[in-house]
file my_file-v3.cif (mmCIF, C-alpha atoms)
data_coords
loop_
_atom_site.label_atom_id
_atom_site.label_comp_id
_atom_site.auth_asym_id
_atom_site.auth_seq_id
_atom_site.Cartn_x
_atom_site.Cartn_y
_atom_site.Cartn_z
CA MET A 1 -18.32 -7.89 -2.61
CA ALA A 2 -17.27 -4.99 -0.42
CA ASP A 3 -18.80 -1.57 -0.99
CA PHE A 4 -16.82 1.47 -2.10
CA THR A 5 -16.69 3.00 1.40
CA THR A 6 -15.20 -0.17 2.88
CA LEU A 7 -12.68 -0.45 0.08
CA THR A 8 -11.72 3.19 0.57
CA GLU A 9 -10.99 2.52 4.25
CA ILE A 10 -8.85 -0.49 3.27
CA LYS A 11 -7.05 1.58 0.65
CA ASN A 12 -6.30 4.32 3.19
CA ARG A 13 -4.90 1.80 5.67
CA LEU A 14 -2.78 0.24 2.93
CA VAL A 15 -1.42 3.64 1.88
CA GLU A 16 -0.62 4.45 5.51
CA ALA A 17 1.15 1.11 5.87
CA LEU A 18 3.18 1.70 2.71
CA ALA A 19 4.19 5.11 4.02
CA THR A 20 5.83 3.43 7.03
CA LEU A 21 8.12 1.28 4.88
CA PRO A 22 11.76 2.39 4.86
CA GLU A 23 13.35 3.54 1.62
CA GLU A 24 15.70 0.58 1.80
CA THR A 25 14.84 -2.85 3.11
CA ILE A 26 16.05 -6.43 2.90
CA LEU A 27 14.51 -9.01 0.61
CA LEU A 28 14.85 -12.78 0.61
CA SER A 29 16.52 -14.34 -2.42
CA GLY A 30 17.05 -18.00 -3.28
CA ASP A 31 15.07 -21.01 -2.14
CA ASP A 32 14.53 -22.29 1.38
CA SER A 33 17.64 -24.46 1.28
CA SER A 34 19.99 -21.68 0.16
CA SER A 35 18.17 -18.49 1.05
CA SER A 36 20.03 -15.25 1.51
CA PHE A 37 19.13 -11.60 2.00
CA ALA A 38 19.79 -8.70 -0.33
CA GLN A 39 19.36 -4.98 0.24
CA ALA A 40 16.74 -3.33 -1.97
CA ASN A 41 15.58 0.25 -2.47
CA ILE A 42 11.78 0.22 -2.70
CA ALA A 43 11.07 3.94 -2.32
CA GLU A 44 10.30 4.54 -6.00
CA ILE A 45 8.08 1.44 -6.29
CA VAL A 46 6.14 2.39 -3.17
CA GLU A 47 5.65 5.94 -4.49
CA GLN A 48 4.35 4.60 -7.83
CA ASP A 49 1.93 2.19 -6.13
CA VAL A 50 0.56 4.88 -3.83
CA GLU A 51 0.15 7.25 -6.78
CA ARG A 52 -1.59 4.50 -8.76
CA LEU A 53 -4.04 3.73 -5.95
CA GLU A 54 -4.81 7.37 -5.22
CA GLY A 55 -5.27 8.07 -8.95
CA PHE A 56 -7.61 5.11 -9.39
CA TRP A 57 -9.67 6.15 -6.37
CA GLY A 58 -9.93 9.67 -7.71
CA PHE A 59 -11.27 8.18 -10.93
CA LEU A 60 -13.73 5.96 -9.06
CA GLU A 61 -15.18 8.93 -7.19
CA SER A 62 -16.71 10.15 -10.48
CA TYR A 63 -16.79 7.16 -12.80
CA ARG A 64 -17.51 4.03 -10.77
CA ASN A 65 -21.15 3.91 -11.88
CA LEU A 66 -20.33 4.39 -15.58
CA LYS A 67 -19.28 1.93 -18.28
CA ILE A 68 -15.91 2.90 -19.73
CA ILE A 69 -14.78 1.94 -23.24
CA ALA A 70 -11.09 2.60 -23.95
CA LEU A 71 -9.93 2.79 -27.57
CA VAL A 72 -6.50 1.20 -27.83
CA GLY A 73 -4.26 0.61 -30.83
CA MET A 74 -1.20 1.58 -32.75
CA LEU A 75 -1.02 4.89 -34.57
CA ASN A 76 -3.20 5.26 -37.67
CA THR A 77 -5.29 2.12 -37.23
CA GLY A 78 -8.55 4.09 -37.19
CA LYS A 79 -9.44 3.85 -33.49
CA SER A 80 -10.36 7.56 -33.25
CA ALA A 81 -12.57 7.11 -36.30
CA ILE A 82 -14.30 4.16 -34.63
CA GLY A 83 -14.78 6.31 -31.54
CA ASN A 84 -16.52 8.99 -33.59
CA LEU A 85 -18.65 6.31 -35.25
CA LEU A 86 -19.74 4.90 -31.88
CA LEU A 87 -20.74 8.45 -30.92
CA HIS A 88 -22.78 8.71 -34.16
CA ARG A 89 -20.57 11.60 -35.25
CA GLY A 90 -18.66 12.32 -38.44
CA GLU A 91 -14.97 12.43 -39.21
CA SER A 92 -12.99 14.27 -36.49
CA ASP A 93 -16.20 15.73 -35.01
CA ILE A 94 -15.20 14.64 -31.49
CA PHE A 95 -11.92 12.74 -31.68
CA GLN A 96 -9.26 14.10 -33.99
CA GLU A 97 -8.50 11.62 -36.76
CA ALA A 98 -4.90 12.16 -37.86
CA CYS A 99 -2.01 10.09 -39.15
CA ILE A 100 0.42 11.78 -36.81
CA ARG A 101 -0.18 12.35 -33.11
CA GLU A 102 1.14 15.73 -32.10
CA THR A 103 0.14 15.68 -28.44
CA SER A 104 -0.23 13.04 -25.75
CA GLN A 105 -3.62 13.27 -24.13
CA ALA A 106 -6.68 11.12 -23.64
CA GLN A 107 -10.04 12.44 -24.83
CA GLU A 108 -13.43 11.24 -23.67
CA ALA A 109 -17.05 11.63 -24.66
CA LYS A 110 -20.35 10.10 -23.57
CA ILE A 111 -22.22 7.71 -25.82
CA ASP A 112 -25.16 7.92 -23.42
CA GLU A 113 -25.72 8.68 -19.73
CA GLU A 114 -24.17 5.36 -18.67
CA THR A 115 -21.35 4.87 -21.19
CA VAL A 116 -18.16 6.84 -21.81
CA VAL A 117 -15.71 6.22 -24.62
CA VAL A 118 -12.08 7.28 -24.10
CA ASP A 119 -9.77 7.79 -27.07
CA LEU A 120 -6.22 7.02 -25.97
CA PRO A 121 -3.00 8.14 -27.67
CA GLY A 122 -1.76 5.77 -30.36
CA LEU A 123 0.93 3.36 -29.28
CA GLY A 124 4.23 3.53 -31.15
CA SER A 125 4.04 7.22 -32.05
CA VAL A 126 6.94 9.68 -32.06
CA LEU A 127 5.91 10.35 -28.44
CA CYS A 128 6.02 6.63 -27.70
CA ASP A 129 7.13 6.71 -24.07
CA GLU A 130 4.83 9.58 -23.15
CA ASP A 131 1.85 8.07 -24.97
CA ASP A 132 2.44 4.59 -23.57
CA ALA A 133 2.55 5.98 -20.04
CA ILE A 134 -0.85 7.65 -20.51
CA VAL A 135 -2.33 4.46 -21.98
CA ARG A 136 -0.97 2.30 -19.16
CA GLY A 137 -2.32 4.72 -16.58
CA ILE A 138 -5.88 4.58 -17.92
CA ILE A 139 -6.57 1.13 -19.36
CA ARG A 140 -7.07 -0.57 -15.98
CA ARG A 141 -9.97 1.80 -15.33
CA ALA A 142 -11.94 0.63 -18.39
CA ASN A 143 -14.69 -1.98 -18.44
CA LEU A 144 -13.86 -2.69 -22.07
CA LEU A 145 -10.72 -2.30 -24.18
CA LEU A 146 -11.60 -1.84 -27.83
CA LEU A 147 -8.37 -2.93 -29.51
CA VAL A 148 -8.18 -1.66 -33.10
CA LEU A 149 -5.86 -3.31 -35.66
CA ASP A 150 -5.18 -2.63 -39.32
CA ILE A 151 -5.78 -5.76 -41.43
CA SER A 152 -2.94 -4.68 -43.72
CA TYR A 153 -0.35 -5.30 -40.99
CA PRO A 154 0.36 -8.12 -38.52
CA ILE A 155 -0.02 -7.25 -34.87
CA PRO A 156 3.10 -5.25 -33.92
CA LYS A 157 5.42 -6.70 -31.30
CA HIS A 158 5.07 -3.47 -29.31
CA LEU A 159 1.30 -4.00 -29.08
CA TYR A 160 1.63 -7.71 -28.31
CA ASP A 161 4.10 -7.01 -25.51
CA PHE A 162 1.64 -4.43 -24.23
CA LEU A 163 -1.14 -7.08 -24.15
CA LYS A 164 1.13 -9.48 -22.29
CA SER A 165 2.05 -6.90 -19.67
CA SER A 166 0.51 -6.80 -16.20
CA GLU A 167 -1.21 -3.50 -17.02
CA VAL A 168 -3.76 -5.39 -19.13
CA ILE A 169 -6.13 -7.39 -16.90
CA LYS A 170 -6.43 -10.96 -18.14
CA ASN A 171 -9.54 -11.83 -16.09
CA GLY A 172 -12.79 -11.53 -18.05
CA SER A 173 -14.80 -10.92 -14.89
CA LEU A 174 -12.85 -7.69 -14.31
CA GLN A 175 -12.30 -6.35 -17.82
CA ARG A 176 -13.16 -7.37 -21.37
CA ILE A 177 -11.37 -6.92 -24.69
CA VAL A 178 -12.93 -6.72 -28.15
CA ILE A 179 -10.60 -6.72 -31.16
CA VAL A 180 -11.65 -4.77 -34.24
CA ILE A 181 -9.86 -5.64 -37.47
CA ASN A 182 -10.30 -2.34 -39.26
CA LYS A 183 -9.84 -1.24 -42.88
CA ILE A 184 -11.12 -4.48 -44.43
CA ASP A 185 -12.31 -2.26 -47.29
CA CYS A 186 -8.76 -2.51 -48.63
CA LEU A 187 -9.69 -6.08 -49.63
CA SER A 188 -12.65 -4.91 -51.74
CA ASP A 189 -10.84 -5.61 -55.01
CA LEU A 190 -10.72 -9.31 -54.11
CA PRO A 191 -13.57 -11.75 -54.77
CA GLU A 192 -15.90 -12.27 -51.79
CA LYS A 193 -14.52 -15.73 -51.01
CA ALA A 194 -10.95 -14.45 -51.15
CA GLN A 195 -11.89 -11.58 -48.84
CA GLN A 196 -13.44 -13.96 -46.31
CA LYS A 197 -10.45 -16.28 -46.55
CA GLN A 198 -8.04 -13.39 -45.97
CA ILE A 199 -10.06 -12.13 -43.00
CA GLN A 200 -10.32 -15.62 -41.46
CA SER A 201 -6.60 -16.16 -41.97
CA TYR A 202 -5.89 -12.92 -40.08
CA ILE A 203 -8.27 -13.95 -37.26
CA ASN A 204 -6.57 -17.36 -36.98
CA PHE A 205 -3.20 -15.61 -36.92
CA LEU A 206 -4.33 -13.37 -34.06
CA LYS A 207 -5.76 -16.24 -32.04
CA HIS A 208 -3.13 -18.90 -32.53
CA GLY A 209 -0.02 -17.00 -33.61
CA ASN A 210 2.73 -17.84 -36.03
CA GLN A 211 5.73 -19.87 -34.96
CA LYS A 212 8.04 -18.47 -37.64
CA MET A 213 7.24 -14.94 -36.48
CA GLU A 214 7.67 -16.04 -32.85
CA PHE A 215 4.14 -14.80 -32.19
CA GLU A 216 2.25 -17.08 -29.79
CA GLY A 217 -1.20 -15.63 -30.37
CA ILE A 218 -3.59 -13.93 -27.98
CA ALA A 219 -5.78 -16.94 -27.13
CA GLN A 220 -3.38 -18.15 -24.43
CA LEU A 221 -3.12 -14.72 -22.75
CA PHE A 222 -6.69 -14.45 -21.41
CA ASP A 223 -9.10 -16.66 -19.48
CA TYR A 224 -11.95 -16.02 -21.94
CA GLU A 225 -12.42 -16.01 -25.72
CA ILE A 226 -11.90 -12.55 -27.14
CA PRO A 227 -14.41 -11.49 -29.80
CA ILE A 228 -12.76 -10.43 -33.07
CA VAL A 229 -14.86 -8.25 -35.39
CA PRO A 230 -13.83 -7.46 -39.00
CA PHE A 231 -14.82 -3.88 -39.77
CA SER A 232 -14.46 -0.87 -42.02
CA VAL A 233 -15.15 2.65 -40.80
CA MET A 234 -15.18 3.89 -44.37
CA GLU A 235 -17.92 1.43 -45.35
CA ALA A 236 -19.90 2.20 -42.19
CA ARG A 237 -19.85 5.93 -42.97
CA ARG A 238 -21.13 5.17 -46.44
CA SER A 239 -23.84 2.94 -44.94
CA PHE A 240 -22.36 0.04 -46.86
CA ASN A 241 -22.74 -3.37 -45.19
CA THR A 242 -24.53 -1.95 -42.16
CA GLU A 243 -24.71 -5.44 -40.63
CA ARG A 244 -21.03 -5.19 -39.67
CA GLU A 245 -21.72 -2.01 -37.70
CA ARG A 246 -24.69 -3.61 -35.96
CA GLN A 247 -22.51 -6.66 -35.16
CA LEU A 248 -19.81 -4.42 -33.69
CA ARG A 249 -22.30 -2.56 -31.51
CA ARG A 250 -23.86 -5.85 -30.34
CA VAL A 251 -20.48 -7.28 -29.39
CA ILE A 252 -19.61 -4.10 -27.50
CA ASP A 253 -22.98 -4.08 -25.67
CA ASN A 254 -22.67 -7.77 -24.77
CA SER A 255 -19.12 -7.29 -23.47
CA LEU A 256 -20.19 -4.29 -21.38
CA ASP A 257 -23.17 -6.20 -20.01
CA ALA A 258 -20.87 -9.08 -19.02
CA ASN A 259 -18.95 -6.83 -16.64
CA ALA A 260 -20.99 -3.64 -16.48
CA ASN A 261 -20.51 -3.12 -12.75
CA THR A 262 -16.90 -4.21 -12.31
CA ALA A 263 -15.32 -0.95 -11.12
CA ILE A 264 -15.53 -2.12 -7.51
CA ASN A 265 -14.15 -5.52 -8.54
CA ARG A 266 -11.21 -3.83 -10.22
CA ALA A 267 -10.68 -1.72 -7.10
CA GLU A 268 -10.50 -4.93 -5.03
CA TYR A 269 -8.16 -6.41 -7.63
CA ASP A 270 -5.84 -3.40 -7.50
CA LEU A 271 -5.75 -3.44 -3.71
CA LEU A 272 -4.95 -7.13 -3.66
CA GLU A 273 -2.31 -6.77 -6.37
CA VAL A 274 -0.53 -3.92 -4.58
CA ALA A 275 -0.74 -5.63 -1.19
CA SER A 276 0.49 -8.93 -2.65
CA LYS A 277 3.53 -7.18 -4.11
CA TYR A 278 4.76 -6.46 -0.58
CA LEU A 279 4.22 -9.98 0.70
CA VAL A 280 7.83 -10.63 -0.26
CA VAL A 281 8.87 -7.90 2.19
CA ILE A 282 6.75 -9.47 4.91
CA ALA A 283 8.03 -12.94 4.01
CA SER A 284 11.62 -11.70 4.08
CA TYR A 285 11.18 -10.25 7.55
CA ALA A 286 9.41 -13.44 8.68
CA VAL A 287 12.27 -15.60 7.43
CA MET A 288 14.81 -13.23 8.93
CA GLN A 289 12.94 -13.36 12.24
CA GLN A 290 12.97 -17.16 12.13
CA LYS A 291 16.67 -17.17 11.32
CA LEU A 292 17.30 -14.77 14.19
CA GLN A 293 15.32 -17.02 16.52
CA ASP A 294 17.26 -20.06 15.35
CA LEU A 295 20.52 -18.15 15.74
CA ASP A 296 19.42 -16.96 19.17
CA GLY A 297 18.67 -20.56 20.17
CA ARG A 298 22.05 -21.76 18.93
CA MET A 299 23.84 -18.84 20.58
CA THR A 300 22.00 -19.44 23.84
CA SER A 301 23.02 -23.11 23.81
CA ALA A 302 26.59 -22.25 22.86
CA ILE A 303 26.86 -19.53 25.51
CA LYS A 304 25.40 -21.88 28.11
CA ALA A 305 27.97 -24.55 27.21
CA VAL A 306 30.79 -22.00 27.30
CA SER A 307 29.57 -20.61 30.61
CA GLU A 308 29.49 -24.09 32.12
CA GLN A 309 33.03 -24.79 30.88
CA ILE A 310 34.26 -21.45 32.25
CA ALA A 311 32.56 -22.10 35.59
CA GLU A 312 34.13 -25.57 35.72
CA SER A 313 37.58 -24.19 34.87
CA PHE A 314 37.18 -21.34 37.33
CA GLY A 315 36.11 -23.70 40.09
CA ARG A 316 39.02 -26.01 39.37
CA GLU A 317 41.58 -23.18 39.40
CA VAL A 318 40.10 -21.59 42.52
CA THR A 319 40.24 -24.94 44.36
CA ARG A 320 43.86 -25.44 43.32
CA PHE A 321 44.76 -21.89 44.31
CA SER A 322 43.01 -22.22 47.68
CA GLU A 323 44.83 -25.46 48.36
CA ARG A 324 48.19 -23.90 47.47
CA CYS A 325 47.47 -20.86 49.66
CA ALA A 326 46.60 -23.14 52.58
CA SER A 327 49.79 -25.17 51.98
CA ILE A 328 51.96 -22.01 51.87
CA ARG A 329 50.38 -20.67 55.03
CA GLU A 330 50.88 -24.03 56.74
CA SER A 331 54.54 -24.17 55.65
CA CYS A 332 55.09 -20.60 56.84
CA PHE A 333 53.41 -21.37 60.16
CA ARG A 334 55.60 -24.45 60.79
CA GLU A 335 58.80 -22.61 59.90
CA MET A 336 57.91 -19.58 61.99
CA ASN A 337 56.85 -21.80 64.88
CA GLY A 338 60.46 -22.96 65.17
CA CYS A 339 61.61 -19.40 65.69
CA THR A 340 59.46 -18.49 68.67
CA THR A 341 61.09 -16.47 71.47
CA ASP A 342 60.69 -16.86 75.20
CA SER A 343 60.09 -14.05 77.66
CA ALA A 344 63.77 -13.68 78.60
CA GLU A 345 64.78 -13.30 74.94
CA ARG A 346 62.07 -10.79 74.37
CA TYR A 347 63.19 -8.93 77.50
CA TRP A 348 66.92 -8.78 76.79
CA GLN A 349 66.60 -8.73 72.97
CA GLY A 350 70.07 -10.07 72.55
CA ASP A 351 71.78 -11.52 69.49
CA ASN A 352 69.73 -14.71 69.53
CA PHE A 353 66.52 -12.66 69.65
CA LYS A 354 67.66 -10.52 66.76
CA TRP A 355 68.63 -13.60 64.76
CA LYS A 356 65.22 -15.16 65.26
CA LYS A 357 63.50 -11.90 64.40
CA GLU A 358 65.45 -11.59 61.13
CA LYS A 359 64.74 -15.23 60.30
CA LEU A 360 61.03 -14.63 60.89
CA ARG A 361 61.09 -11.58 58.61
CA LYS A 362 62.78 -13.46 55.80
CA CYS A 363 60.45 -16.40 56.25
CA ARG A 364 57.45 -14.11 56.04
CA GLU A 365 58.72 -12.30 52.94
CA ARG A 366 59.61 -15.57 51.20
CA HIS A 367 56.15 -17.02 51.79
CA GLN A 368 54.52 -13.74 50.76
CA GLU A 369 56.38 -13.95 47.44
CA GLN A 370 55.28 -17.56 47.07
CA ILE A 371 51.61 -16.79 47.64
CA VAL A 372 51.74 -13.81 45.23
CA SER A 373 53.44 -16.05 42.65
CA GLU A 374 50.67 -18.59 43.10
CA PHE A 375 48.06 -15.90 42.53
CA ASN A 376 49.80 -14.77 39.32
CA SER A 377 49.86 -18.38 38.10
CA PHE A 378 46.19 -18.74 39.02
CA SER A 379 45.30 -15.57 37.11
CA SER A 380 47.37 -16.57 34.07
CA ASN A 381 45.91 -20.09 33.95
CA LEU A 382 42.39 -18.73 34.27
CA ARG A 383 42.86 -16.26 31.37
CA SER A 384 44.40 -18.97 29.20
CA ASN A 385 41.60 -21.47 29.92
CA ILE A 386 38.84 -18.92 29.26
CA SER A 387 40.53 -17.81 26.02
CA ILE A 388 40.69 -21.39 24.74
CA ILE A 389 37.07 -22.08 25.71
CA THR A 390 35.64 -18.92 24.13
CA ARG A 391 37.75 -19.04 20.95
CA SER A 392 35.43 -21.56 19.26
CA LEU A 393 32.45 -19.22 19.76
CA PHE A 394 33.87 -15.72 19.57
CA GLY A 395 37.26 -16.16 17.92
CA ASN A 396 40.31 -14.57 19.45
CA VAL A 397 39.32 -12.53 22.48
CA SER A 398 41.19 -10.25 24.84
CA ILE A 399 40.54 -11.02 28.49
CA SER A 400 41.36 -8.36 31.05
CA THR A 401 41.65 -8.81 34.79
CA PRO A 402 40.99 -6.29 37.53
CA ASP A 403 43.84 -4.48 39.30
CA SER A 404 45.62 -7.18 41.31
CA GLU A 405 47.36 -4.81 43.73
CA ALA A 406 44.52 -5.00 46.28
CA ILE A 407 44.39 -8.79 45.94
CA THR A 408 48.17 -9.29 46.37
CA SER A 409 48.11 -6.92 49.34
CA ALA A 410 45.40 -8.99 50.99
CA LEU A 411 47.32 -12.22 50.26
CA LYS A 412 50.49 -10.77 51.78
CA SER A 413 48.50 -9.69 54.83
CA SER A 414 47.31 -13.27 55.27
CA ILE A 415 50.98 -14.29 55.68
CA TYR A 416 51.80 -11.30 57.85
CA GLU A 417 48.97 -12.23 60.22
CA ILE A 418 50.72 -15.54 60.90
#

call {"tool": "encode", "arguments": {"input": "my_file-v3.cif", "output": "structure tokens"}}
result
Amino acid sequence: MADFTTLTEIKNRLVEALATLPEETILLSGDDSSSSFAQANIAEIVEQDVERLEGFWGFLESYRNLKIIALVGMLNTGKSAIGNLLLHRGESDIFQEACIRETSQAQEAKIDEETVVVDLPGLGSVLCDEDDAIVRGIIRRANLLLLVLDISYPIPKHLYDFLKSSEVIKNGSLQRIVIVINKIDCLSDLPEKAQQKQIQSYINFLKHGNQKMEFEGIAQLFDYEIPIVPFSVMEARRSFNTERERQLRRVIDNSLDANANTAINRAEYDLLEVASKYLVVIASYAVMQQKLQDLDGRMTSAIKAVSEQIAESFGREVTRFSERCASIRESCFREMNGCTTDSAERYWQGDNFKWKKEKLRKCRERHQEQIVSEFNSFSSNLRSNISIITRSLFGNVSISTPDSEAITSALKSSIYEI
């Protein structure tokens, strides 16, 4: 088990890591065969987790070496009265015992130098949301939850849902629960056997549930057997049936001894739970990275294939164009060779000389137009071929060519040089 200093360093690194997360991210949804990504805003969740960790560590600074008992229950079940009894104090001496909760606050007092009892607001009060938030913020810090029920009423759905929630630790090595069935004195008018039967029936109901009430019972929620203690604060204050009080204190002591030094364990648990929550973010980015790599591989292969096809088409068109240019130049040369002038014609520059000169000019212009036309056909064919090749990969594309004026000028010059 890591020490508190080491865990604090881990917590600080985790908080720093959470601070680097963007407000919005992408998360993987679906299974491996049909996975997709969805945008998610995680800013509020991250803020709550950081606040939770920092709050728990602030608590651990002062309380990690103490045993914490948290009194939990619905309003008016007698949990504050049990708290006062555990402190060996009278009615409302420490914790206010009232039917109506007017404020939402947790109160605490020491039973001894090693044990603190915390009286939490009653669940289901007129300040339900506010009270529940306080309870949820504190219960994970306790070594022991002392859950107080009224034997006159079945366990409320609100309380059962609370027990099923992730806020209540289900691992007995991290936190323990003891259930106190309070106010059994209301059965005092019944014969002893009837009282015991009624109490046992209530215990069985709590453990195993009731199908008609759609209550599954608490036995299947936890990885250990939860002690259930029938009790009456009123009888204890009157020193009637003192064995029940001794039994309650023994059960509490045994439960505290079973996980007396679990604050560090709960700190590790909280760190792991928070870190695990963001594994889905890491997994989403990992899957996305793999998909990007796969896409990159497919794109690379596709681009390579397209490039090879373009190179092949380009080479084919260039060869054809070169052959046509050579043929045009050859034709022009043969035709112009038949119009050569001798020295006398060049000297006198008579009609025959002028006729030959004009014929040469027209021949040159005609072949210049032919070679330019061939270039335009070459350029058009090349654009068309590249467009067809790339359409399967990129869709319709627009292919531009450089200014052809310099090229056509050079091609015309190649004829003029003849």

call {"tool": "atom_distance", "arguments": {"input": "my_file-v3.cif", "atom1": "atom CA of A:Pro154", "atom2": "atom CA of A:Lys79"}}
result
16.3 Å

call {"tool": "atom_distance", "arguments": {"input": "my_file-v3.cif", "atom1": "atom CA of A:Gln175", "atom2": "atom CA of A:Glu114"}}
result
16.7 Å

call {"tool": "resolve_selection", "arguments": {"input": "my_file-v3.cif", "expression": "the PyMOL selection byres ((chain A and resi 87) around 12)", "output": "count of residues only"}}
result
27

call {"tool": "axis_aligned_box", "arguments": {"input": "my_file-v3.cif", "around": "stretch 1-19 of chain A", "padding_each_side": "5 Å", "output": "AutoDock Vina command-line options"}}
result
--center_x -7.3 --center_y -1.4 --center_z 1.6 --size_x 33.0 --size_y 23.0 --size_z 18.5

call {"tool": "resolve_selection", "arguments": {"input": "my_file-v3.cif", "expression": "the PyMOL selection byres ((chain A and resi 8-10) around 12)", "output": "PyMOL selection string"}}
result
chain A and resi 2-7+11-17+53-54+56-58+60-61+264+267-268+270-272+274-275

call {"tool": "resolve_selection", "arguments": {"input": "my_file-v3.cif", "expression": "the PyMOL selection byres ((chain A and resi 138) around 10)", "output": "PyMOL selection string"}}
result
chain A and resi 55-56+59+70+106+118+120+133-137+139-142+167

call {"tool": "closest_residue", "arguments": {"input": "my_file-v3.cif", "among": "A:Arg246, A:Lys359, A:Arg238, A:Arg176", "to": "A:Thr340", "atoms": "all atoms listed in the file"}}
result
A:Lys359

call {"tool": "atom_distance", "arguments": {"input": "my_file-v3.cif", "atom1": "atom CA of A:Glu374", "atom2": "atom CA of A:Glu308"}}
result
24.5 Å

call {"tool": "closest_residue", "arguments": {"input": "my_file-v3.cif", "among": "A:Glu312, A:Glu345, A:Asp403, A:Asp161", "to": "A:Ile389", "atoms": "only C-alpha atoms"}}
result
A:Glu312

call {"tool": "closest_residue", "arguments": {"input": "my_file-v3.cif", "among": "A:Glu44, A:Thr242, A:Ser414, A:Gln309", "to": "A:Ala326", "atoms": "all atoms listed in the file"}}
result
A:Ser414

call {"tool": "closest_atom_pairs", "arguments": {"input": "my_file-v3.cif", "of": "stretch 40-150 of chain A", "to": "stretch 220-227 of chain A", "cutoff": "12 Å", "atoms": "all atoms listed in the file", "output": "CSV"}}
result
residue,atom,partner,partner_atom,distance
A:Leu144,CA,A:Ile226,CA,11.3
A:Leu145,CA,A:Ile226,CA,10.7
A:Leu146,CA,A:Pro227,CA,10.2
A:Leu147,CA,A:Pro227,CA,10.5

call {"tool": "closest_residue", "arguments": {"input": "my_file-v3.cif", "among": "A:Arg244, A:Lys212, A:Lys157, A:His367", "to": "A:Leu123", "atoms": "all atoms listed in the file"}}
result
A:Lys157

call {"tool": "closest_residue", "arguments": {"input": "my_file-v3.cif", "among": "A:Thr319, A:Ser327, A:Ser62, A:Thr401", "to": "A:Ile415", "atoms": "all atoms listed in the file"}}
result
A:Ser327

call {"tool": "closest_residue", "arguments": {"input": "my_file-v3.cif", "among": "A:Phe205, A:Phe231, A:Phe314, A:Trp348", "to": "A:Ile184", "atoms": "only C-alpha atoms"}}
result
A:Phe231
